[in-house]
Structure formats: structure tokens, C-alpha cells
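Undergrad: My structure file entry_30.cif, mmCIF, C-alpha atoms, is below:
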data_target
#
loop_
_atom_site.label_atom_id
_atom_site.label_comp_id
_atom_site.auth_asym_id
_atom_site.auth_seq_id
_atom_site.Cartn_x
_atom_site.Cartn_y
_atom_site.Cartn_z
CA MET A 1 61.09 96.35 127.91
CA PHE A 2 62.90 93.18 128.90
CA VAL A 3 62.92 91.99 125.29
CA ILE A 4 64.45 95.28 124.11
CA ILE A 5 67.18 95.09 126.75
CA ALA A 6 67.90 91.44 125.91
CA VAL A 7 68.10 92.10 122.17
CA SER A 8 70.31 95.16 122.74
CA THR A 9 72.62 93.17 125.01
CA VAL A 10 72.96 90.32 122.51
CA THR A 11 73.55 92.79 119.67
CA LEU A 12 76.24 94.64 121.61
CA PHE A 13 77.83 91.32 122.53
CA PHE A 14 78.11 90.24 118.89
CA VAL A 15 79.38 93.69 117.86
CA PHE A 16 81.98 93.45 120.64
CA ILE A 17 83.08 89.99 119.46
CA LYS A 18 83.22 91.18 115.86
CA PHE A 19 85.20 94.29 116.79
CA LEU A 20 87.75 92.34 118.82
CA ARG A 21 87.88 89.65 116.12
CA ILE A 22 87.94 86.97 118.83
CA HIS A 23 86.15 84.54 116.52
CA GLU A 24 88.97 84.59 113.97
CA ALA A 25 91.46 81.73 114.04
CA ASN A 26 95.20 82.29 114.33
CA THR A 27 96.83 81.62 110.97
CA LYS A 28 100.24 81.70 109.39
CA PRO A 29 101.20 84.97 107.66
CA LYS A 30 100.78 85.11 103.90
CA LEU A 31 104.10 85.89 102.27
CA HIS A 32 104.45 87.63 98.92
CA HIS A 33 107.88 87.31 97.32
CA SER A 34 109.67 86.66 94.04
CA GLY A 35 110.64 83.11 94.95
CA SER A 36 114.35 83.75 94.45
CA THR A 37 116.95 81.59 96.16
CA PHE A 38 118.00 84.51 98.35
CA ILE A 39 114.45 85.10 99.58
CA LYS A 40 113.97 81.40 100.28
CA ASN A 41 117.17 81.37 102.35
CA VAL A 42 115.95 84.38 104.35
CA ILE A 43 112.62 82.66 105.05
CA THR A 44 114.41 79.46 106.08
CA LYS A 45 116.67 81.32 108.52
CA CYS A 46 113.77 83.37 109.94
CA PRO A 47 111.22 80.76 111.07
CA SER A 48 109.05 83.41 112.72
CA LEU A 49 108.03 84.56 109.23
CA THR A 50 106.10 81.33 108.68
CA GLN A 51 104.97 80.54 112.22
CA VAL A 52 101.46 81.12 113.56
CA TYR A 53 101.33 84.32 115.61
CA LYS A 54 99.23 83.98 118.76
CA PRO A 55 98.33 87.43 120.14
CA PRO A 56 96.68 88.02 123.55
CA SER A 57 93.29 86.28 123.39
CA ILE A 58 91.04 89.18 124.44
CA TRP A 59 92.35 92.29 122.71
CA GLY A 60 95.39 91.18 120.73
CA LYS A 61 93.63 90.63 117.41
CA CYS A 62 92.20 94.14 117.19
CA GLY A 63 94.65 96.68 115.77
CA HIS A 64 92.56 99.58 117.10
CA ILE A 65 92.82 98.32 120.70
CA GLN A 66 96.53 97.58 120.31
CA THR A 67 97.14 101.10 119.03
CA ALA A 68 95.14 102.71 121.85
CA ILE A 69 96.78 100.67 124.61
CA TYR A 70 100.34 101.10 123.37
CA ALA A 71 99.87 104.80 122.62
CA LYS A 72 98.57 105.59 126.11
CA ILE A 73 100.24 102.95 128.29
CA GLY A 74 103.25 101.88 126.29
CA ARG A 75 105.52 98.99 127.10
CA MET A 76 105.84 98.11 130.76
CA ASN A 77 109.40 98.20 132.15
CA CYS A 78 110.76 99.43 128.85
CA PRO A 79 114.57 99.02 128.60
CA GLN A 80 116.59 102.21 128.33
CA PRO A 81 119.84 101.40 126.53
CA SER A 82 122.69 103.87 126.83
CA GLY A 83 124.25 105.25 123.67
CA LYS A 84 126.44 108.10 122.47
CA ARG A 85 124.85 111.07 120.71
CA HIS A 86 126.49 112.58 117.64
CA SER A 87 125.64 115.93 116.05
CA VAL A 88 126.26 117.20 112.52
CA ILE A 89 125.67 120.77 111.31
CA MET A 90 124.45 120.77 107.71
CA LYS A 91 124.97 123.53 105.15
CA THR A 92 121.41 124.74 105.75
CA GLY A 93 122.23 125.30 109.42
CA ALA A 94 120.10 122.36 110.54
CA THR A 95 121.52 120.17 113.31
CA ILE A 96 121.29 116.44 112.65
CA THR A 97 121.59 114.15 115.67
CA PHE A 98 121.88 110.38 115.79
CA ASP A 99 122.65 107.99 118.63
CA ILE A 100 124.96 104.98 118.42
CA PHE A 101 124.54 101.99 120.73
CA GLN A 102 127.33 99.43 120.98
CA PRO A 103 126.73 95.66 121.32
CA VAL A 104 126.61 94.52 124.93
CA HIS A 105 128.54 91.25 124.69
CA GLY A 106 130.74 91.85 121.67
CA ASN A 107 129.91 91.52 117.99
CA HIS A 108 127.49 89.03 116.51
CA SER A 109 128.85 85.57 115.72
CA SER A 110 128.64 86.37 111.99
CA GLY A 111 130.88 89.41 112.38
CA GLU A 112 130.64 93.17 112.89
CA CYS A 113 127.31 94.56 111.73
CA THR A 114 125.65 97.94 112.21
CA ILE A 115 121.89 98.46 112.02
CA LEU A 116 120.87 101.97 110.96
CA VAL A 117 117.36 102.87 112.09
CA CYS A 118 115.00 105.53 110.75
CA PRO A 119 112.06 105.90 113.21
CA GLY A 120 108.48 106.90 112.48
CA ILE A 121 107.00 110.39 112.30
CA CYS A 122 108.06 112.74 115.13
CA ASN A 123 110.07 109.90 116.69
CA SER A 124 113.61 109.41 117.97
CA SER A 125 115.77 106.93 119.87
CA GLU A 126 113.91 107.93 123.05
CA LYS A 127 110.61 106.36 121.95
CA LYS A 128 109.73 103.10 123.69
CA TYR A 129 109.34 100.96 120.59
CA VAL A 130 112.73 102.14 119.32
CA GLN A 131 114.36 101.51 122.71
CA THR A 132 112.89 98.01 122.74
CA PHE A 133 114.34 97.30 119.29
CA ILE A 134 117.73 98.70 120.33
CA HIS A 135 117.74 96.56 123.47
CA TYR A 136 117.15 93.34 121.55
CA ALA A 137 119.62 94.23 118.80
CA ILE A 138 122.59 95.18 120.99
CA ASN A 139 122.07 92.09 123.16
CA MET A 140 122.29 89.97 120.01
CA GLY A 141 125.65 91.51 119.09
CA PHE A 142 124.63 94.27 116.70
CA ARG A 143 125.65 97.91 116.78
CA VAL A 144 122.67 100.25 116.33
CA ALA A 145 122.59 103.82 115.00
CA VAL A 146 119.29 105.70 115.27
CA LEU A 147 118.42 108.91 113.45
CA ASN A 148 116.60 111.46 115.60
CA HIS A 149 114.21 113.37 113.36
CA ILE A 150 114.82 117.13 113.55
CA GLY A 151 112.63 118.56 116.28
CA SER A 152 111.80 115.22 117.91
CA LEU A 153 114.16 115.72 120.87
CA PRO A 154 112.87 118.28 123.39
CA ASN A 155 116.38 118.96 124.75
CA VAL A 156 117.90 119.68 121.32
CA LYS A 157 117.15 123.16 120.02
CA LEU A 158 116.33 123.86 116.40
CA THR A 159 119.14 125.65 114.60
CA SER A 160 117.17 126.20 111.39
CA PRO A 161 113.59 127.31 110.64
CA LYS A 162 112.63 123.80 109.53
CA ILE A 163 111.80 120.49 111.20
CA PHE A 164 111.96 117.05 109.57
CA THR A 165 110.12 116.39 106.33
CA TYR A 166 107.93 113.45 105.41
CA GLY A 167 110.15 111.89 102.77
CA ASP A 168 113.45 113.78 102.48
CA THR A 169 116.37 111.36 102.56
CA LYS A 170 119.24 113.80 103.08
CA TYR A 171 119.17 113.50 106.87
CA PHE A 172 119.28 109.72 106.76
CA ALA A 173 122.01 109.94 104.11
CA CYS A 174 123.99 112.20 106.45
CA MET A 175 123.84 109.61 109.22
CA MET A 176 124.79 106.86 106.77
CA LYS A 177 127.83 108.81 105.61
CA ASN A 178 129.07 109.48 109.14
CA VAL A 179 128.50 105.93 110.36
CA CYS A 180 130.35 104.52 107.34
CA GLU A 181 133.30 106.79 108.11
CA MET A 182 133.30 105.68 111.76
CA TYR A 183 133.04 101.96 110.99
CA PRO A 184 134.35 101.41 107.43
CA LYS A 185 134.66 97.63 107.86
CA SER A 186 131.20 97.08 109.31
CA ARG A 187 128.40 95.47 107.34
CA LEU A 188 125.27 97.60 107.17
CA VAL A 189 121.60 96.80 107.65
CA ILE A 190 119.00 99.58 107.42
CA VAL A 191 115.63 99.49 109.15
CA GLY A 192 112.73 101.90 108.78
CA PHE A 193 109.60 102.10 110.93
CA SER A 194 106.40 103.53 109.45
CA MET A 195 107.37 106.89 107.91
CA GLY A 196 110.98 105.83 108.34
CA GLY A 197 110.22 102.87 106.08
CA ASN A 198 109.18 105.29 103.36
CA ILE A 199 112.44 107.17 103.78
CA VAL A 200 114.82 104.19 103.69
CA VAL A 201 113.12 102.67 100.65
CA ARG A 202 113.31 105.99 98.83
CA TYR A 203 116.94 106.37 99.93
CA LEU A 204 117.81 103.08 98.22
CA ALA A 205 115.76 103.85 95.11
CA GLU A 206 117.15 107.35 94.51
CA ASP A 207 120.64 106.06 93.79
CA LYS A 208 121.14 102.35 93.10
CA SER A 209 124.83 102.63 93.95
CA ARG A 210 123.77 103.04 97.58
CA GLN A 211 122.49 99.47 97.58
CA LYS A 212 125.98 98.02 97.10
CA SER A 213 127.04 98.72 100.69
CA ILE A 214 123.78 97.45 102.23
CA VAL A 215 123.51 93.81 103.26
CA CYS A 216 119.80 94.00 103.97
CA ALA A 217 117.01 96.58 104.22
CA VAL A 218 113.83 96.14 106.26
CA SER A 219 110.73 98.33 106.07
CA TRP A 220 108.38 97.77 109.02
CA CYS A 221 104.77 98.95 109.03
CA GLN A 222 105.19 100.98 105.85
CA GLY A 223 101.51 100.51 105.19
CA TYR A 224 100.45 103.89 103.89
CA ASP A 225 101.01 106.51 101.25
CA GLY A 226 101.06 110.06 102.60
CA LEU A 227 98.80 111.45 99.87
CA ARG A 228 96.50 108.51 99.20
CA SER A 229 95.82 107.84 102.89
CA THR A 230 94.47 111.35 103.49
CA HIS A 231 91.40 110.40 101.45
CA SER A 232 90.58 107.30 103.52
CA LEU A 233 91.19 109.21 106.76
CA SER A 234 88.41 111.62 105.84
CA PHE A 235 85.61 109.07 106.26
CA GLY A 236 84.17 106.94 109.05
CA CYS A 237 86.46 105.96 111.93
CA GLY A 238 89.41 107.23 109.92
CA ARG A 239 88.45 110.74 110.91
CA PHE A 240 89.24 109.90 114.54
CA TYR A 241 92.79 108.86 113.61
CA ASN A 242 93.13 111.95 111.46
CA TYR A 243 92.09 114.08 114.42
CA MET A 244 94.53 112.37 116.81
CA VAL A 245 97.44 112.70 114.37
CA THR A 246 96.60 116.37 113.82
CA MET A 247 96.39 117.10 117.55
CA ASN A 248 99.64 115.27 118.32
CA PHE A 249 101.46 117.07 115.53
CA THR A 250 100.04 120.41 116.70
CA LEU A 251 101.34 119.75 120.22
CA PHE A 252 104.68 118.77 118.70
CA LEU A 253 104.90 122.10 116.85
CA ILE A 254 103.85 124.04 119.94
CA GLY A 255 106.64 122.31 121.87
CA MET A 256 109.08 123.52 119.24
CA ASN A 257 107.75 127.09 119.61
CA CYS A 258 106.79 127.06 115.92
CA PHE A 259 103.84 129.36 116.57
CA THR A 260 105.68 132.07 118.48
#
Give the structure from this file in C-alpha cells form.
TA:
Amino acid sequence: MFVIIAVSTVTLFFVFIKFLRIHEANTKPKLHHSGSTFIKNVITKCPSLTQVYKPPSIWGKCGHIQTAIYAKIGRMNCPQPSGKRHSVIMKTGATITFDIFQPVHGNHSSGECTILVCPGICNSSEKKYVQTFIHYAINMGFRVAVLNHIGSLPNVKLTSPKIFTYGDTKYFACMMKNVCEMYPKSRLVIVGFSMGGNIVVRYLAEDKSRQKSIVCAVSWCQGYDGLRSTHSLSFGCGRFYNYMVTMNFTLFLIGMNCFT
């Protein structure tokens, strides 16, 4: 009996170590790029892209643990920047809202610049990770405009029988148009998180003339394809994520009274 317990304990210990990836060394990120002069300048001016990232030693190397902790606990003492909300009624009757946050200590040393953010699925400027990004950006001298996906704000009623879509760019384009009219002399940087990354990349690809007014575009965590990922989420541990996404989206729709 003792031998069985000892073997089981050792096995669980090694599984635990393997799962947390504690045995893996911290390494520099592997960059894939065209090697152009512009890209090299960006890498030179952003040293964090080539530095070794050192996550928390116990759980920081496991993406599953990171996801679980941040989803349930979130960021402690999350900043809550104050912005001004703007609303636009589209021809379909849908109400588009976006929030604009002004720089805290004046514009960035390089000049006036506005960052336009497209959050992830079901997200808005009220999500902690977006608020954290806004906080850092406005304290560095950037203006930030954040698109609130239709239906993501509990205090904003739906004015059309449709919430946001997975890849439609017209809502982001609407915010872009209005921000450009408000600040015609401002340089523009667009940032997309997760699903928002899909949207901003598609926005730029749909019409190449849109790229002329954009200084830089950043797609963060755009690591999935909506159709192809459904296959991998149907097997193994992926089914758990599929279940959680389904339940969260169901609760989201219930909150919007979509089933009444």
C-alpha cells in the first residue's frame, strides 16, 4: 500500500511540474518578420520585444492557470480611468458607443497621437484589461478611444435586434470616422485584442486606402480562427474552454433579454 501511495505521489508531482512548466527555462521571444528597415527600427525602439520575459515562478508559465486566475480574480487594484462616452445611431437603428480618454499630462513628446482600441469578444472599455491598457496609455501622453461592442454595456439598451458580430468592421469604421472628424490633426494607432485583432486586421485589408491614415496597427492575442478553432475545441481539454465560452455567452444573451 505504501509503495502505491509513494508511486502515485511521485507521479502526481511530475505531472504537476509538467503542467506548470516550471522546468522550462525563460527564453527570449522568437520574432518572425520580413527584415525590413522599418521593422528593425521598431524592434530597436521596443527593447521588450527581445528581452527575456520572467513570469511568476510558480504559476506564471502555465497559460491555463493564468487564464483561470485572471478570469475569476482579475487585476488587483485595477485603475479606472475616466473618459467621455459618445453615441452614434446607425442607419440600421443600432447604437454605437465608444469612450474617449484624454492624456493625463498633455500629449506625448512625439506629438498628438490617438490610439483606437477594439476589445475582445463581449468586451468594452469597462473590462479590467482594457482599463489597464488605457491607464498606461493616457499616462504616457496618448489619447485613447475604445469601441464598446454592441450589447457589452449593461447600462446601454439595444436599439436594434442585433448585437455585435464576430468580424464585421462597420462598427469600428464608424468609430474611426468620428474620431478622425474630432481630431483631424492627430496621428492614429489602432489596437485590437483577441477578436478585436481579427476586426482591425480585416478593417485594414478590406480597403487599402484606410492604411494611409494609420501610423501603426497592433493585433494582440489574435491567435485563433473562428471556424478552424471550433474543431480543436471539440476534443480533450478544449471541450472545457468551449463549455465556458458557451456558458458565458449564454449569460451575456440572457442579460440582453435576447430570449424573452
Undergrad: Measure the distance from atom CA of A:Asp99 to atom CA of A:Gln211 in Å and round it to one decimal.
TA: 22.7 Å
Undergrad: Could you please give me, as a ChimeraX atom specification, the residues of protein, DNA or RNA lying at most 10 Å from (114.6, 105.7, 109.5) in the coordinate frame of the file, considering all atoms listed in the file?
TA: /A:116-121,123-124,145-149,169,171-172,190-201,203,219
Undergrad: Can you write out the residues you just picked, keeping C-alpha atoms, as a PDB file, in the coordinates of the input?
TA:
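Contents of again-v1.pdb, as written:
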ATOM      1  CA  LEU A 116     120.870 101.970 110.960  1.00  0.00           C
ATOM      2  CA  VAL A 117     117.360 102.870 112.090  1.00  0.00           C
ATOM      3  CA  CYS A 118     115.000 105.530 110.750  1.00  0.00           C
ATOM      4  CA  PRO A 119     112.060 105.900 113.210  1.00  0.00           C
ATOM      5  CA  GLY A 120     108.480 106.900 112.480  1.00  0.00           C
ATOM      6  CA  ILE A 121     107.000 110.390 112.300  1.00  0.00           C
ATOM      7  CA  ASN A 123     110.070 109.900 116.690  1.00  0.00           C
ATOM      8  CA  SER A 124     113.610 109.410 117.970  1.00  0.00           C
ATOM      9  CA  ALA A 145     122.590 103.820 115.000  1.00  0.00           C
ATOM     10  CA  VAL A 146     119.290 105.700 115.270  1.00  0.00           C
ATOM     11  CA  LEU A 147     118.420 108.910 113.450  1.00  0.00           C
ATOM     12  CA  ASN A 148     116.600 111.460 115.600  1.00  0.00           C
ATOM     13  CA  HIS A 149     114.210 113.370 113.360  1.00  0.00           C
ATOM     14  CA  THR A 169     116.370 111.360 102.560  1.00  0.00           C
ATOM     15  CA  TYR A 171     119.170 113.500 106.870  1.00  0.00           C
ATOM     16  CA  PHE A 172     119.280 109.720 106.760  1.00  0.00           C
ATOM     17  CA  ILE A 190     119.000  99.580 107.420  1.00  0.00           C
ATOM     18  CA  VAL A 191     115.630  99.490 109.150  1.00  0.00           C
ATOM     19  CA  GLY A 192     112.730 101.900 108.780  1.00  0.00           C
ATOM     20  CA  PHE A 193     109.600 102.100 110.930  1.00  0.00           C
ATOM     21  CA  SER A 194     106.400 103.530 109.450  1.00  0.00           C
ATOM     22  CA  MET A 195     107.370 106.890 107.910  1.00  0.00           C
ATOM     23  CA  GLY A 196     110.980 105.830 108.340  1.00  0.00           C
ATOM     24  CA  GLY A 197     110.220 102.870 106.080  1.00  0.00           C
ATOM     25  CA  ASN A 198     109.180 105.290 103.360  1.00  0.00           C
ATOM     26  CA  ILE A 199     112.440 107.170 103.780  1.00  0.00           C
ATOM     27  CA  VAL A 200     114.820 104.190 103.690  1.00  0.00           C
ATOM     28  CA  VAL A 201     113.120 102.670 100.650  1.00  0.00           C
ATOM     29  CA  TYR A 203     116.940 106.370  99.930  1.00  0.00           C
ATOM     30  CA  SER A 219     110.730  98.330 106.070  1.00  0.00           C
TER      31      SER A 219
END
Undergrad: Between A:Pro29, A:Gly167, A:Gly106, A:Pro79, single out the one closest to A:His135, counting only C-alpha atoms.
TA: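 Of A:Pro29, A:Gly167, A:Gly106, A:Pro79, the one nearest A:His135 is A:Pro79, counting only C-alpha atoms.
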Undergrad: Pick out the closest residue to A:Cys174 from this set: A:Ile134, A:Leu253, A:Met90, A:Cys78. Count all atoms listed in the file.
TA: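 Answer, going by the shortest atom-to-atom distance: A:Met90.
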Undergrad: Name the residues that the PyMOL selection byres ((chain A and resi 180-186) around 6) pulls out of this structure, and write them as a list in words.
TA: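 For this structure, the PyMOL selection byres ((chain A and resi 180-186) around 6) resolves to Glu112, Cys113, Lys177, Asn178, Val179 and Arg187 of chain A.
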Undergrad: Kindly export the residues of the current selection with C-alpha atoms, as a PDB file, in the frame of the given file.
TA:
ATOM      1  CA  GLU A 112     130.640  93.170 112.890  1.00  0.00           C
ATOM      2  CA  CYS A 113     127.310  94.560 111.730  1.00  0.00           C
ATOM      3  CA  LYS A 177     127.830 108.810 105.610  1.00  0.00           C
ATOM      4  CA  ASN A 178     129.070 109.480 109.140  1.00  0.00           C
ATOM      5  CA  VAL A 179     128.500 105.930 110.360  1.00  0.00           C
ATOM      6  CA  ARG A 187     128.400  95.470 107.340  1.00  0.00           C
TER       7      ARG A 187
END
Undergrad: For each of A:Arg21, A:Lys84, A:Lys28, A:Lys212, take the minimum atom-to-atom distance to A:Ser57, counting all atoms listed in the file, then give the residue where this is smallest.
TA: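 Ranked by minimum distance to A:Ser57, first place goes to A:Arg21.
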Undergrad: Quick one: pull the distance between atom CA of A:Asp225 and atom CA of A:Val245, Å, one decimal.
TA: 14.9 Å
Undergrad: Quick one: everything within 10 Å of A:Ile163, counting all atoms listed in the file, minus sequence neighbours fewer than 4 positions away in the same chain. Send it as a ChimeraX atom specification.
TA: /A:94-95,122,149-152,158-159,253,256,258
Undergrad: Just the number, please: distance in Å from atom CA of A:Arg85 to atom CA of A:Asn155, one decimal.
TA: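 If I compute the distance from atom CA of A:Arg85 to atom CA of A:Asn155, I get 12.3 Å.
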Undergrad: Could you check which of A:Thr114, A:Thr50, A:Ile65, A:Val156 is closest to A:His86, using all atoms listed in the file?
TA: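 Checking each candidate against A:His86, we get A:Val156 as the closest.
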Undergrad: Kindly resolve the PyMOL selection byres ((chain A and resi 19) around 10) on the present coordinates and return the residues as an NGL selection string.
TA: :A and (13-18 or 20-23 or 59 or 61-65)
Undergrad: Measuring atom to atom with only C-alpha atoms, identify which of A:Lys157, A:Ser36, A:Gln80, A:His231 is nearest to A:Lys128.
TA: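 Among the listed residues, the smallest separation from A:Lys128 belongs to A:Gln80.
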Undergrad: Which residues are near A:Ser213? Cut-off 9 Å, only C-alpha atoms, ignore same chain within fewer than 3 positions. Put them as a PyMOL selection string.
TA: chain A and resi 187-188+209-210
Undergrad: For the structure shown, which residues end up in the PyMOL selection byres ((chain A and resi 82) around 9)? Put them as a ChimeraX atom specification, please?
TA: /A:80-81,83-84,100-102
Undergrad: For A:Gly93, which residue among A:Gln66, A:Ser160, A:Gln51, A:Ser34 is the nearest when counting all atoms listed in the file?
TA: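 Among the listed residues, A:Ser160 lies closest to A:Gly93.
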Undergrad: What's around A:Ile138 at 7 Å? Count all atoms listed in the file, leave out sequence neighbours fewer than 4 positions away in its own chain, and write the answer as a PyMOL selection string.
TA: chain A and resi 102-104+134+142-144
